[in-house]
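Here's the structure, in structure tokens; my notes come after.
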Amino acid sequence: EGLAVLNGAFTSRADAEARGWSARFPVGDTFRGAEAFGIASAAEKGFDKEVMVPVPLYVVDEHVRQEAVPYVDVLSIDTEGNDPLVLQGARRTLADKVGYVEFEYHRVGAWATTKLSSVIQDLDGLGFVCYWIGVGKLWRITGCFHPSYDVPHWSNIGCVKASHVEWYEVMERIFKRTVPGLYANYWAPLTRKR
């Protein structure tokens, strides 16, 4: 109960409509377990049609509504470059049904034309506080965004709903432990009350 496996891919409504609600992905033993295929990247690789099969496209907001999902504790997005489009298609769900969202950031796929600053600003407007994720470390992005962050590099970003107090406090503790001296002198004065 509560777990559904979908053989498909998530994107935004506009992207799904432009693609005819289907995208082609490679299949077969050669590709089993291969992570480097997203909606755009699979098509760009130029595989023969024989190894490509169509999969349906979904939009998070519509899927959550159709399945009557009451709440999503963790929304994990790893779509090999389509992450900004999935976030667009999850906007209503993110507004009131998600406690934490995590996604990849790099220069592949939709990230080639999407600035991280606009995504972070949008998530901030929905009540999320975002952090770069390191091994046992967090660096806050929300409220102290630097223009250099818009230069893509492969990374993971986690965003917690500030109103989800327990999770938010845990992430802030990790962030403050990550940069103790810098926090007191730099980030603390930039942080606004939430």
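Every chain in the structure tokens takes a letter, A first, then B, and so on in the order presented; its residues are numbered from 1, and the ligands are numbered from 1 following the presented order.
Within 9 Å of segment 19-23 of chain A there are Gly8, Ala9, Arg13, Ala14, Ile39, Ala40, Ala42, Ala43, Val53, Pro54, Val55, Pro56, Leu57 and Tyr58 of chain A, counting only C-alpha atoms and ignoring same-chain residues fewer than 5 positions away.
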> What lies within 6 Å of segment 75-82 of chain A using only C-alpha atoms, ignoring chain neighbours under 3 positions off, as a ChimeraX atom specification?
Replying inline: /A:38,85,101-104,108-111
> Which distance in Å separates atom CA of Leu123 of chain A and atom CA of Glu67 of chain A, to one decimal?
Replying inline: 23.8 Å
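Counting only C-alpha atoms, the residue from A:His146, A:Val74, A:Ser118, A:Thr178 that sits nearest to Val160 of chain A is A:Val74.
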> With only C-alpha atoms as the atoms that count, which of A:Ser12, A:Thr113, A:Thr142, A:Asn7 lies nearest to Arg91 of chain A?
Replying inline: A:Ser12
> In chain A, what's alpha helix (DSSP H) per DSSP? Answer as a VMD selection string?
Replying inline: chain A and resid 13 to 18 39 to 44 60 to 66 83 to 88 91 to 96 116 to 125 165 to 178 180 to 182 188 to 190
